[in-house]
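To start, the structure itself, in structure tokens.
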Amino acid sequence: MSPVPPRLAALLLAAAAAAHAQPAAPGWRLSLASDRHVDALALGRLGDDEAARALDPRAGRNLGYLFDELRLERRGSDGTRVVLLARQRAIAIASAGALELARQVETGGTPGRDRDWRVDLDHLGFAGAGLELGTRDLALAPGLTLALSAQALAAQRVGPRRIDGHAGWRQAEGRYQAELRSLQIDDRLDFPFRQPMAARGWALLLGGRLALRDGAWDGELRWQDAGRLHWRGLPQQQAQLSTDQAGLDADGFVSYRPLVEGRNRQPPWRRTLAPVSTLEIGWRSEGLGRLQAGLVWLPGWGALPRLGWQGQAGGWGLSAQWRPHERRIGVGIERSGWSLQLGSDLRGGERRSMLLQVSGPLPSL
């Protein structure tokens, strides 16, 4: 999926501003969310065949994520929820060396001096559709509530990928050296003698929210996607590349040649997911509104901090947010049950981070 065009975002903003005048059926709510970020590449280049040439990694580890979701939710009078949803998620973490090597190989030529790259890439993405059930807020103590949810998804795509090792260029010898290991698991992976696989996988994912309110202070811990992915007969490919294999040529000289060893198989594939967790603390003042600070914990990466503000003006709910790692500014508006949030790192066509969230009650039928 490509980032949402600015014209579409403007239309959604206008729709949200006008929606408060429309009658709405209680209980039913439609929401669309797209949250995307890539440290090393403009979002507009995702899926581009020439994307590797445009890689511009940060020093150290580089992060990329994508969370897209469409939800149709029915909330009961007792606070329970039933949700039909379609979603896709991907998280990728790569070393700067892995991205620099990919760019070097794609652009061709030689580095011009000795180079060494630490190669480390870990990616997991999946897409699916299904059902979510959620409980009402359960009172645990004065001011303390707990809500739980469970998703059952039919997985339509899955694509874990892992590469690790090291590579280098030796100018005096005019050759690359590499010792790399790769694991690719993908429902679209093909190889000779591949056997039929299950048409779809499945996922069972748990979430929850623990909220505490005490006067002007409040706190909330949310978690999602804690659970299990499973796909029967999913194609898997393990490979190892070594360029330091020596041999003798026809004239008796020592020569180096790459050796690639691989293995293809299709066992039942299972993956346990650690949750994506959000911790948030807020303080409310009658004059200032609500100030908040928090962090999102991404498995394999760690903490992503964020700061925010919420307030009221002329019957409108307003909000703003700053995400330091993504260098993203976000703004939001709410009225009559409708809400819209937009965020960007303000790089125009070269932006690397964006957010779009719009939700509201459905018109009565």
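Chains: A, B, ... in order of the structure tokens. Residues: from 1 per chain. Ligands: from 1, in order shown.
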
Do you have, as JSON lines, the list of residues of stretch 184-231 of chain A lying at most 12 Å from stretch 116-135 of chain A, each with its nearest atom pair and that distance in Å to one decimal, counting only C-alpha atoms and ordered by chain then number?
{"residue": "A:Gln184", "atom": "CA", "partner": "A:His123", "partner_atom": "CA", "distance": 9.7}
{"residue": "A:Ile185", "atom": "CA", "partner": "A:Leu124", "partner_atom": "CA", "distance": 9.5}
{"residue": "A:Asp186", "atom": "CA", "partner": "A:Gly125", "partner_atom": "CA", "distance": 9.7}
{"residue": "A:Asp187", "atom": "CA", "partner": "A:Phe126", "partner_atom": "CA", "distance": 10.3}
{"residue": "A:Arg200", "atom": "CA", "partner": "A:Gly128", "partner_atom": "CA", "distance": 9.1}
{"residue": "A:Gly201", "atom": "CA", "partner": "A:Gly128", "partner_atom": "CA", "distance": 8.8}
{"residue": "A:Trp202", "atom": "CA", "partner": "A:Gly128", "partner_atom": "CA", "distance": 8.3}
{"residue": "A:Ala203", "atom": "CA", "partner": "A:Gly128", "partner_atom": "CA", "distance": 8.6}
{"residue": "A:Leu204", "atom": "CA", "partner": "A:Glu132", "partner_atom": "CA", "distance": 9.8}
{"residue": "A:Leu205", "atom": "CA", "partner": "A:Glu132", "partner_atom": "CA", "distance": 9.1}
{"residue": "A:Leu206", "atom": "CA", "partner": "A:Glu132", "partner_atom": "CA", "distance": 9.3}
{"residue": "A:Gly207", "atom": "CA", "partner": "A:Gly134", "partner_atom": "CA", "distance": 8.8}
{"residue": "A:Gly208", "atom": "CA", "partner": "A:Gly134", "partner_atom": "CA", "distance": 8.6}
{"residue": "A:Arg209", "atom": "CA", "partner": "A:Thr135", "partner_atom": "CA", "distance": 10.3}
{"residue": "A:Gln224", "atom": "CA", "partner": "A:Glu132", "partner_atom": "CA", "distance": 11.6}
{"residue": "A:Asp225", "atom": "CA", "partner": "A:Phe126", "partner_atom": "CA", "distance": 11.6}
{"residue": "A:Arg228", "atom": "CA", "partner": "A:Phe126", "partner_atom": "CA", "distance": 12.0}
{"residue": "A:Leu229", "atom": "CA", "partner": "A:Phe126", "partner_atom": "CA", "distance": 9.2}
{"residue": "A:His230", "atom": "CA", "partner": "A:Phe126", "partner_atom": "CA", "distance": 11.1}
{"residue": "A:Trp231", "atom": "CA", "partner": "A:Phe126", "partner_atom": "CA", "distance": 11.4}

How would the residues just chosen look if you wrote them out with N, CA, C and O atoms as an mmCIF file, in the first residue's frame?
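The resulting file, selection_29.cif, is reproduced below:
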data_model
loop_
_atom_site.group_PDB
_atom_site.id
_atom_site.type_symbol
_atom_site.label_atom_id
_atom_site.label_comp_id
_atom_site.auth_asym_id
_atom_site.auth_seq_id
_atom_site.Cartn_x
_atom_site.Cartn_y
_atom_site.Cartn_z
ATOM 1 N N GLN A 184 14.394 -17.132 4.727
ATOM 2 C CA GLN A 184 13.239 -16.495 4.107
ATOM 3 C C GLN A 184 12.044 -17.432 4.208
ATOM 4 O O GLN A 184 12.119 -18.599 3.839
ATOM 5 N N ILE A 185 10.937 -16.893 4.716
ATOM 6 C CA ILE A 185 9.687 -17.637 4.844
ATOM 7 C C ILE A 185 8.611 -16.788 4.201
ATOM 8 O O ILE A 185 8.378 -15.661 4.624
ATOM 9 N N ASP A 186 7.952 -17.315 3.176
ATOM 10 C CA ASP A 186 7.025 -16.477 2.410
ATOM 11 C C ASP A 186 6.012 -17.363 1.694
ATOM 12 O O ASP A 186 6.393 -18.370 1.083
ATOM 13 N N ASP A 187 4.740 -16.969 1.741
ATOM 14 C CA ASP A 187 3.723 -17.751 1.049
ATOM 15 C C ASP A 187 3.862 -17.668 -0.464
ATOM 16 O O ASP A 187 3.285 -18.479 -1.186
ATOM 17 N N ARG A 200 -4.525 -20.500 3.497
ATOM 18 C CA ARG A 200 -4.396 -19.390 4.438
ATOM 19 C C ARG A 200 -3.789 -19.904 5.739
ATOM 20 O O ARG A 200 -3.918 -21.069 6.091
ATOM 21 N N GLY A 201 -3.190 -18.993 6.460
ATOM 22 C CA GLY A 201 -2.773 -19.270 7.815
ATOM 23 C C GLY A 201 -3.787 -18.689 8.784
ATOM 24 O O GLY A 201 -4.868 -18.238 8.393
ATOM 25 N N TRP A 202 -3.440 -18.714 10.046
ATOM 26 C CA TRP A 202 -4.325 -18.117 11.033
ATOM 27 C C TRP A 202 -3.500 -17.483 12.148
ATOM 28 O O TRP A 202 -2.327 -17.803 12.346
ATOM 29 N N ALA A 203 -4.141 -16.580 12.850
ATOM 30 C CA ALA A 203 -3.483 -15.897 13.964
ATOM 31 C C ALA A 203 -4.491 -15.708 15.083
ATOM 32 O O ALA A 203 -5.662 -15.382 14.830
ATOM 33 N N LEU A 204 -4.041 -15.890 16.308
ATOM 34 C CA LEU A 204 -4.819 -15.570 17.498
ATOM 35 C C LEU A 204 -4.001 -14.573 18.300
ATOM 36 O O LEU A 204 -2.902 -14.903 18.791
ATOM 37 N N LEU A 205 -4.506 -13.355 18.430
ATOM 38 C CA LEU A 205 -3.755 -12.246 19.011
ATOM 39 C C LEU A 205 -4.560 -11.616 20.142
ATOM 40 O O LEU A 205 -5.756 -11.343 19.984
ATOM 41 N N LEU A 206 -3.899 -11.360 21.254
ATOM 42 C CA LEU A 206 -4.549 -10.823 22.439
ATOM 43 C C LEU A 206 -4.102 -9.387 22.690
ATOM 44 O O LEU A 206 -2.973 -8.993 22.365
ATOM 45 N N GLY A 207 -5.001 -8.604 23.278
ATOM 46 C CA GLY A 207 -4.694 -7.226 23.617
ATOM 47 C C GLY A 207 -5.400 -6.831 24.893
ATOM 48 O O GLY A 207 -6.202 -7.580 25.457
ATOM 49 N N GLY A 208 -5.102 -5.623 25.342
ATOM 50 C CA GLY A 208 -5.749 -5.161 26.561
ATOM 51 C C GLY A 208 -5.404 -3.713 26.878
ATOM 52 O O GLY A 208 -4.539 -3.096 26.231
ATOM 53 N N ARG A 209 -6.085 -3.190 27.892
ATOM 54 C CA ARG A 209 -5.859 -1.816 28.342
ATOM 55 C C ARG A 209 -6.056 -1.755 29.850
ATOM 56 O O ARG A 209 -7.108 -2.147 30.369
ATOM 57 N N GLN A 224 -1.088 -5.015 22.401
ATOM 58 C CA GLN A 224 -1.787 -5.670 21.296
ATOM 59 C C GLN A 224 -0.849 -6.649 20.607
ATOM 60 O O GLN A 224 0.374 -6.580 20.744
ATOM 61 N N ASP A 225 -1.444 -7.577 19.871
ATOM 62 C CA ASP A 225 -0.703 -8.545 19.043
ATOM 63 C C ASP A 225 0.180 -9.479 19.863
ATOM 64 O O ASP A 225 1.251 -9.904 19.399
ATOM 65 N N ARG A 228 -0.044 -15.783 18.566
ATOM 66 C CA ARG A 228 0.554 -16.861 17.769
ATOM 67 C C ARG A 228 0.124 -16.757 16.311
ATOM 68 O O ARG A 228 -1.051 -16.508 16.012
ATOM 69 N N LEU A 229 1.093 -16.937 15.403
ATOM 70 C CA LEU A 229 0.837 -17.080 13.970
ATOM 71 C C LEU A 229 1.126 -18.524 13.573
ATOM 72 O O LEU A 229 2.079 -19.132 14.064
ATOM 73 N N HIS A 230 0.327 -19.054 12.651
ATOM 74 C CA HIS A 230 0.506 -20.445 12.220
ATOM 75 C C HIS A 230 0.108 -20.562 10.750
ATOM 76 O O HIS A 230 -0.881 -19.970 10.319
ATOM 77 N N TRP A 231 0.903 -21.333 9.988
ATOM 78 C CA TRP A 231 0.581 -21.589 8.576
ATOM 79 C C TRP A 231 1.142 -22.965 8.224
ATOM 80 O O TRP A 231 2.336 -23.209 8.376
#

- Query: If you count only C-alpha atoms, which residues fall within 10 Å of A:Gln357, apart from same-chain ones fewer than 2 positions away, as a list of chain:residue names?
  - Reply: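 The contact residues come out as A:Ala9, A:Leu12, A:Ser31, A:Leu32, A:Ala33, A:Ser34, A:Asp35, A:Asp68, A:Glu69, A:Leu70, A:Gly332, A:Ser339, A:Leu340, A:Gln341, A:Leu342, A:Gly343, A:Leu355, A:Ser359.
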
Write a file of the selected residues as a short mmCIF file (atom, residue, chain, number, x, y, z; two decimals), in the first residue's frame, keeping N, CA, C and O atoms.
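Final output, out15.cif:
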data_model
loop_
_atom_site.label_atom_id
_atom_site.label_comp_id
_atom_site.auth_asym_id
_atom_site.auth_seq_id
_atom_site.Cartn_x
_atom_site.Cartn_y
_atom_site.Cartn_z
N ALA A 9 -6.24 13.09 1.96
CA ALA A 9 -6.23 13.51 3.37
C ALA A 9 -7.08 14.77 3.56
O ALA A 9 -7.81 14.91 4.54
N LEU A 12 -10.75 13.82 3.53
CA LEU A 12 -11.14 13.19 4.79
C LEU A 12 -11.30 14.23 5.89
O LEU A 12 -12.18 14.14 6.74
N SER A 31 -13.65 2.89 11.29
CA SER A 31 -12.38 3.58 11.46
C SER A 31 -11.34 3.05 10.47
O SER A 31 -11.35 1.88 10.10
N LEU A 32 -10.48 3.96 10.04
CA LEU A 32 -9.38 3.66 9.13
C LEU A 32 -8.12 4.25 9.74
O LEU A 32 -8.11 5.41 10.16
N ALA A 33 -7.06 3.47 9.80
CA ALA A 33 -5.80 3.94 10.37
C ALA A 33 -4.64 3.45 9.52
O ALA A 33 -4.62 2.30 9.09
N SER A 34 -3.68 4.34 9.29
CA SER A 34 -2.45 3.99 8.59
C SER A 34 -1.31 4.73 9.28
O SER A 34 -1.29 5.96 9.32
N ASP A 35 -0.36 3.97 9.84
CA ASP A 35 0.77 4.51 10.58
C ASP A 35 2.03 3.90 9.99
O ASP A 35 2.25 2.69 10.10
N ASP A 68 -1.52 -0.82 9.18
CA ASP A 68 -2.72 -0.39 8.46
C ASP A 68 -3.90 -1.22 8.96
O ASP A 68 -3.79 -2.44 9.10
N GLU A 69 -5.03 -0.56 9.17
CA GLU A 69 -6.18 -1.29 9.71
C GLU A 69 -7.48 -0.61 9.32
O GLU A 69 -7.60 0.61 9.38
N LEU A 70 -8.45 -1.42 8.94
CA LEU A 70 -9.82 -0.97 8.68
C LEU A 70 -10.73 -1.75 9.62
O LEU A 70 -10.70 -2.98 9.64
N GLY A 332 -4.76 16.62 15.57
CA GLY A 332 -6.03 15.92 15.50
C GLY A 332 -7.20 16.82 15.86
O GLY A 332 -7.03 17.83 16.56
N SER A 339 -13.48 11.74 14.65
CA SER A 339 -12.11 12.16 14.95
C SER A 339 -11.23 11.96 13.72
O SER A 339 -11.46 11.05 12.91
N LEU A 340 -10.24 12.82 13.61
CA LEU A 340 -9.28 12.76 12.50
C LEU A 340 -7.92 13.14 13.05
O LEU A 340 -7.78 14.13 13.75
N GLN A 341 -6.91 12.35 12.72
CA GLN A 341 -5.53 12.65 13.09
C GLN A 341 -4.66 12.54 11.85
O GLN A 341 -4.77 11.59 11.08
N LEU A 342 -3.78 13.52 11.68
CA LEU A 342 -2.83 13.54 10.58
C LEU A 342 -1.44 13.80 11.15
O LEU A 342 -1.28 14.60 12.07
N GLY A 343 -0.45 13.14 10.60
CA GLY A 343 0.92 13.35 11.05
C GLY A 343 1.90 13.17 9.91
O GLY A 343 1.67 12.39 8.99
N LEU A 355 1.06 9.56 9.34
CA LEU A 355 -0.04 8.99 10.11
C LEU A 355 -1.35 9.51 9.57
O LEU A 355 -1.49 10.72 9.31
N SER A 359 -12.13 8.21 12.12
CA SER A 359 -13.14 7.30 12.64
C SER A 359 -14.38 8.10 13.01
O SER A 359 -14.32 9.30 13.30
#

Need the shell around A:Asp164: protein/DNA/RNA residues with any atom at most 10 Å away, counting only C-alpha atoms. Skip same-chain ones fewer than 2 positions apart. Format as a compact mmCIF listing (two decimals) with N, CA and C atoms, in the first residue's frame?
# COMPACT_ATOMS: atom_id res chain seq x y z
N ALA A 94 17.08 -3.06 10.69
CA ALA A 94 18.27 -3.36 9.89
C ALA A 94 19.44 -2.53 10.37
N SER A 95 20.62 -3.10 10.30
CA SER A 95 21.83 -2.34 10.59
C SER A 95 22.13 -1.40 9.44
N ALA A 98 23.89 -3.25 6.63
CA ALA A 98 23.08 -4.03 5.70
C ALA A 98 22.50 -3.14 4.61
N ARG A 118 28.69 -4.71 8.83
CA ARG A 118 27.98 -5.65 9.69
C ARG A 118 26.56 -5.75 9.15
N VAL A 119 26.16 -6.96 8.76
CA VAL A 119 24.87 -7.16 8.11
C VAL A 119 23.90 -7.79 9.10
N ASP A 120 22.79 -7.11 9.34
CA ASP A 120 21.79 -7.61 10.28
C ASP A 120 20.42 -7.08 9.84
N LEU A 121 19.53 -7.98 9.49
CA LEU A 121 18.18 -7.61 9.06
C LEU A 121 17.18 -8.58 9.68
N ASP A 122 16.15 -8.03 10.29
CA ASP A 122 15.07 -8.84 10.87
C ASP A 122 13.75 -8.21 10.46
N ARG A 162 15.17 -13.02 7.67
CA ARG A 162 16.29 -12.80 8.57
C ARG A 162 17.59 -12.97 7.80
N HIS A 166 28.53 -10.85 7.99
CA HIS A 166 29.37 -9.69 7.69
C HIS A 166 29.84 -9.78 6.24
N ALA A 167 30.22 -8.62 5.72
CA ALA A 167 30.73 -8.53 4.35
C ALA A 167 31.76 -7.42 4.30
N GLU A 179 30.32 -13.50 4.55
CA GLU A 179 29.88 -14.68 5.28
C GLU A 179 28.48 -14.36 5.79
N LEU A 180 27.47 -14.79 5.05
CA LEU A 180 26.10 -14.38 5.32
C LEU A 180 25.19 -15.59 5.46
N ARG A 181 24.24 -15.48 6.37
CA ARG A 181 23.21 -16.50 6.57
C ARG A 181 21.85 -15.85 6.36
N SER A 182 20.97 -16.58 5.71
CA SER A 182 19.66 -16.04 5.35
C SER A 182 18.56 -17.05 5.63
N LEU A 183 17.44 -16.54 6.13
CA LEU A 183 16.23 -17.34 6.29
C LEU A 183 15.07 -16.55 5.71
N GLN A 240 23.23 -20.03 2.95
CA GLN A 240 24.46 -19.48 3.50
C GLN A 240 25.41 -19.18 2.34

- Message: I'd like the contact shell of A:Trp309 - 6 Å cut-off, only C-alpha atoms, skipping same-chain residues fewer than 2 positions apart - returned as a ChimeraX atom specification.
- Response: /A:290-291,319-320

- Those in stretch 46-222 of chain A with strand (DSSP E) from DSSP, as an MDAnalysis selection string: chainID A and resid 61:75 81:95 115:134 138:141 144:158 161:170 175:185 201:214 217:222

- Point-to-point distance from atom CA of A:Glu286 to atom CA of A:Leu210, Å rounded to tenths: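 Calculated distance between atom CA of A:Glu286 and atom CA of A:Leu210 is 24.7 Å.
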
- Message: Just want the 12 Å neighbourhood of A:Gly76, counted on only C-alpha atoms, with same-chain residues fewer than 6 positions away dropped. Output as a ChimeraX atom specification.
- Response: /A:26-29,82-83,133-136

Writer output for current selection, C-alpha atoms, as a PDB file, in the first residue's frame:
ATOM      1  CA  PRO A  26     -25.616   4.322  18.149  1.00  0.00           C
ATOM      2  CA  GLY A  27     -23.125   1.507  18.558  1.00  0.00           C
ATOM      3  CA  TRP A  28     -21.732   1.208  15.016  1.00  0.00           C
ATOM      4  CA  ARG A  29     -18.391   2.846  14.243  1.00  0.00           C
ATOM      5  CA  VAL A  82     -17.509  -6.887  18.320  1.00  0.00           C
ATOM      6  CA  VAL A  83     -15.213  -5.810  15.495  1.00  0.00           C
ATOM      7  CA  LEU A 133     -14.054  -9.450  20.627  1.00  0.00           C
ATOM      8  CA  GLY A 134     -13.540  -7.045  23.502  1.00  0.00           C
ATOM      9  CA  THR A 135     -14.783  -6.863  27.070  1.00  0.00           C
ATOM     10  CA  ARG A 136     -16.248  -3.857  28.820  1.00  0.00           C
TER      11      ARG A 136
END

- Which residues come within 10 Å of A:Met197, counting only C-alpha atoms, excluding same-chain residues fewer than 2 positions away, as a PyMOL selection string? chain A and resi 187+194-195+199-201+231-235+266-268

Using all heavy atoms, can you export the residues from the last selection as an mmCIF file, in the first residue's frame?
data_model
loop_
_atom_site.group_PDB
_atom_site.id
_atom_site.type_symbol
_atom_site.label_atom_id
_atom_site.label_comp_id
_atom_site.auth_asym_id
_atom_site.auth_seq_id
_atom_site.Cartn_x
_atom_site.Cartn_y
_atom_site.Cartn_z
ATOM 1 N N ASP A 187 4.740 -16.969 1.741
ATOM 2 C CA ASP A 187 3.723 -17.751 1.049
ATOM 3 C C ASP A 187 3.862 -17.668 -0.464
ATOM 4 O O ASP A 187 3.285 -18.479 -1.186
ATOM 5 C CB ASP A 187 2.330 -17.293 1.483
ATOM 6 C CG ASP A 187 2.078 -15.832 1.166
ATOM 7 O OD1 ASP A 187 2.669 -14.965 1.841
ATOM 8 O OD2 ASP A 187 1.293 -15.547 0.250
ATOM 9 N N ARG A 194 8.162 -27.922 -4.916
ATOM 10 C CA ARG A 194 7.368 -27.349 -3.836
ATOM 11 C C ARG A 194 6.023 -28.054 -3.746
ATOM 12 O O ARG A 194 5.356 -28.286 -4.756
ATOM 13 C CB ARG A 194 7.138 -25.852 -4.058
ATOM 14 C CG ARG A 194 6.704 -25.120 -2.802
ATOM 15 C CD ARG A 194 6.286 -23.699 -3.086
ATOM 16 N NE ARG A 194 4.869 -23.655 -3.496
ATOM 17 C CZ ARG A 194 4.129 -22.563 -3.500
ATOM 18 N NH1 ARG A 194 4.656 -21.409 -3.155
ATOM 19 N NH2 ARG A 194 2.877 -22.606 -3.876
ATOM 20 N N GLN A 195 5.604 -28.403 -2.544
ATOM 21 C CA GLN A 195 4.351 -29.096 -2.318
ATOM 22 C C GLN A 195 3.222 -28.098 -2.062
ATOM 23 O O GLN A 195 3.464 -26.945 -1.708
ATOM 24 C CB GLN A 195 4.489 -30.041 -1.121
ATOM 25 C CG GLN A 195 5.578 -31.086 -1.282
ATOM 26 C CD GLN A 195 5.312 -31.996 -2.470
ATOM 27 O OE1 GLN A 195 4.205 -32.524 -2.626
ATOM 28 N NE2 GLN A 195 6.312 -32.171 -3.318
ATOM 29 N N ALA A 199 -4.157 -22.791 2.010
ATOM 30 C CA ALA A 199 -4.509 -21.559 1.311
ATOM 31 C C ALA A 199 -4.342 -20.334 2.195
ATOM 32 O O ALA A 199 -4.039 -19.244 1.707
ATOM 33 C CB ALA A 199 -5.951 -21.647 0.800
ATOM 34 N N ARG A 200 -4.525 -20.500 3.497
ATOM 35 C CA ARG A 200 -4.396 -19.390 4.438
ATOM 36 C C ARG A 200 -3.789 -19.904 5.739
ATOM 37 O O ARG A 200 -3.918 -21.069 6.091
ATOM 38 C CB ARG A 200 -5.755 -18.746 4.735
ATOM 39 C CG ARG A 200 -6.333 -17.957 3.582
ATOM 40 C CD ARG A 200 -7.681 -17.364 3.937
ATOM 41 N NE ARG A 200 -8.211 -16.555 2.859
ATOM 42 C CZ ARG A 200 -8.847 -17.024 1.797
ATOM 43 N NH1 ARG A 200 -9.031 -18.333 1.684
ATOM 44 N NH2 ARG A 200 -9.291 -16.218 0.863
ATOM 45 N N GLY A 201 -3.190 -18.993 6.460
ATOM 46 C CA GLY A 201 -2.773 -19.270 7.815
ATOM 47 C C GLY A 201 -3.787 -18.689 8.784
ATOM 48 O O GLY A 201 -4.868 -18.238 8.393
ATOM 49 N N TRP A 231 0.903 -21.333 9.988
ATOM 50 C CA TRP A 231 0.581 -21.589 8.576
ATOM 51 C C TRP A 231 1.142 -22.965 8.224
ATOM 52 O O TRP A 231 2.336 -23.209 8.376
ATOM 53 C CB TRP A 231 1.197 -20.523 7.672
ATOM 54 C CG TRP A 231 0.550 -20.423 6.314
ATOM 55 C CD1 TRP A 231 0.254 -21.446 5.473
ATOM 56 C CD2 TRP A 231 0.122 -19.221 5.653
ATOM 57 N NE1 TRP A 231 -0.316 -20.982 4.313
ATOM 58 C CE2 TRP A 231 -0.417 -19.608 4.401
ATOM 59 C CE3 TRP A 231 0.157 -17.871 5.970
ATOM 60 C CZ2 TRP A 231 -0.909 -18.693 3.490
ATOM 61 C CZ3 TRP A 231 -0.337 -16.958 5.075
ATOM 62 C CH2 TRP A 231 -0.876 -17.364 3.851
ATOM 63 N N ARG A 232 0.286 -23.839 7.724
ATOM 64 C CA ARG A 232 0.697 -25.207 7.417
ATOM 65 C C ARG A 232 1.306 -25.288 6.023
ATOM 66 O O ARG A 232 0.747 -24.816 5.052
ATOM 67 C CB ARG A 232 -0.516 -26.147 7.521
ATOM 68 C CG ARG A 232 -0.198 -27.615 7.267
ATOM 69 C CD ARG A 232 -1.398 -28.489 7.608
ATOM 70 N NE ARG A 232 -2.611 -28.015 6.956
ATOM 71 C CZ ARG A 232 -2.930 -28.310 5.688
ATOM 72 N NH1 ARG A 232 -2.128 -29.054 4.958
ATOM 73 N NH2 ARG A 232 -4.059 -27.850 5.178
ATOM 74 N N GLY A 233 2.512 -25.878 5.954
ATOM 75 C CA GLY A 233 3.181 -26.078 4.668
ATOM 76 C C GLY A 233 3.752 -24.818 4.062
ATOM 77 O O GLY A 233 3.936 -24.743 2.838
ATOM 78 N N LEU A 234 4.094 -23.837 4.874
ATOM 79 C CA LEU A 234 4.611 -22.564 4.359
ATOM 80 C C LEU A 234 6.034 -22.746 3.835
ATOM 81 O O LEU A 234 6.907 -23.260 4.549
ATOM 82 C CB LEU A 234 4.587 -21.520 5.477
ATOM 83 C CG LEU A 234 4.811 -20.061 5.075
ATOM 84 C CD1 LEU A 234 3.690 -19.581 4.168
ATOM 85 C CD2 LEU A 234 4.909 -19.191 6.312
ATOM 86 N N PRO A 235 6.329 -22.332 2.595
ATOM 87 C CA PRO A 235 7.670 -22.513 2.040
ATOM 88 C C PRO A 235 8.728 -21.732 2.829
ATOM 89 O O PRO A 235 8.526 -20.571 3.185
ATOM 90 C CB PRO A 235 7.541 -21.971 0.613
ATOM 91 C CG PRO A 235 6.087 -22.082 0.291
ATOM 92 C CD PRO A 235 5.380 -21.814 1.585
ATOM 93 N N GLN A 266 9.172 -27.313 3.835
ATOM 94 C CA GLN A 266 7.811 -26.836 4.088
ATOM 95 C C GLN A 266 7.219 -27.459 5.352
ATOM 96 O O GLN A 266 6.178 -28.099 5.305
ATOM 97 C CB GLN A 266 6.904 -27.156 2.893
ATOM 98 C CG GLN A 266 7.187 -26.338 1.658
ATOM 99 C CD GLN A 266 6.185 -26.630 0.557
ATOM 100 O OE1 GLN A 266 6.495 -27.346 -0.382
ATOM 101 N NE2 GLN A 266 4.981 -26.096 0.693
ATOM 102 N N PRO A 267 7.838 -27.251 6.490
ATOM 103 C CA PRO A 267 7.232 -27.766 7.721
ATOM 104 C C PRO A 267 6.105 -26.840 8.171
ATOM 105 O O PRO A 267 5.963 -25.726 7.670
ATOM 106 C CB PRO A 267 8.397 -27.721 8.709
ATOM 107 C CG PRO A 267 9.182 -26.539 8.255
ATOM 108 C CD PRO A 267 9.088 -26.545 6.748
ATOM 109 N N PRO A 268 5.277 -27.255 9.114
ATOM 110 C CA PRO A 268 4.315 -26.318 9.700
ATOM 111 C C PRO A 268 5.081 -25.157 10.337
ATOM 112 O O PRO A 268 6.067 -25.369 11.054
ATOM 113 C CB PRO A 268 3.593 -27.156 10.760
ATOM 114 C CG PRO A 268 3.784 -28.568 10.322
ATOM 115 C CD PRO A 268 5.124 -28.619 9.658
#

Please provide the set of residues having any atom within 12 Å of A:Ile93, restricted to only C-alpha atoms, with same-chain residues fewer than 6 positions apart removed, written as a PDB file with C-alpha atoms, in the first residue's frame.
ATOM      1  CA  HIS A  37       7.648   5.063   9.093  1.00  0.00           C
ATOM      2  CA  VAL A  38      10.966   4.164   7.437  1.00  0.00           C
ATOM      3  CA  ASP A  39      14.272   5.560   8.714  1.00  0.00           C
ATOM      4  CA  ALA A  40      16.276   4.973   5.541  1.00  0.00           C
ATOM      5  CA  PRO A  57      20.375   4.927   6.440  1.00  0.00           C
ATOM      6  CA  ARG A  58      20.902   6.463   9.843  1.00  0.00           C
ATOM      7  CA  GLY A  60      23.408   2.334  13.902  1.00  0.00           C
ATOM      8  CA  ARG A  61      20.104   0.485  13.736  1.00  0.00           C
ATOM      9  CA  ASN A  62      17.371   1.540  11.314  1.00  0.00           C
ATOM     10  CA  LEU A  63      13.653   1.026  11.856  1.00  0.00           C
ATOM     11  CA  GLY A  64      10.749   0.618   9.482  1.00  0.00           C
ATOM     12  CA  TYR A  65       7.158  -0.163  10.392  1.00  0.00           C
ATOM     13  CA  LEU A  99      21.463  -1.054   3.995  1.00  0.00           C
ATOM     14  CA  VAL A 119      24.868  -7.158   8.109  1.00  0.00           C
ATOM     15  CA  ASP A 120      21.789  -7.615  10.282  1.00  0.00           C
ATOM     16  CA  LEU A 121      18.184  -7.610   9.064  1.00  0.00           C
ATOM     17  CA  ASP A 122      15.073  -8.840  10.865  1.00  0.00           C
ATOM     18  CA  HIS A 123      11.671  -8.430   9.233  1.00  0.00           C
ATOM     19  CA  LEU A 124       8.220  -9.797   9.990  1.00  0.00           C
ATOM     20  CA  GLY A 125       5.078  -8.823   8.118  1.00  0.00           C
ATOM     21  CA  PRO A 160       9.438 -13.247   7.799  1.00  0.00           C
ATOM     22  CA  ARG A 161      13.002 -12.572   6.679  1.00  0.00           C
ATOM     23  CA  ARG A 162      16.294 -12.796   8.565  1.00  0.00           C
ATOM     24  CA  ILE A 163      19.835 -12.058   7.294  1.00  0.00           C
ATOM     25  CA  ASP A 164      22.943 -11.839   9.464  1.00  0.00           C
ATOM     26  CA  LEU A 298       8.250  -2.392  19.592  1.00  0.00           C
ATOM     27  CA  PRO A 299       9.486  -5.998  19.853  1.00  0.00           C
ATOM     28  CA  GLY A 300      13.082  -6.254  18.685  1.00  0.00           C
ATOM     29  CA  TRP A 301      13.583  -2.496  18.697  1.00  0.00           C
ATOM     30  CA  GLY A 302      12.723  -1.010  22.076  1.00  0.00           C
TER      31      GLY A 302
END
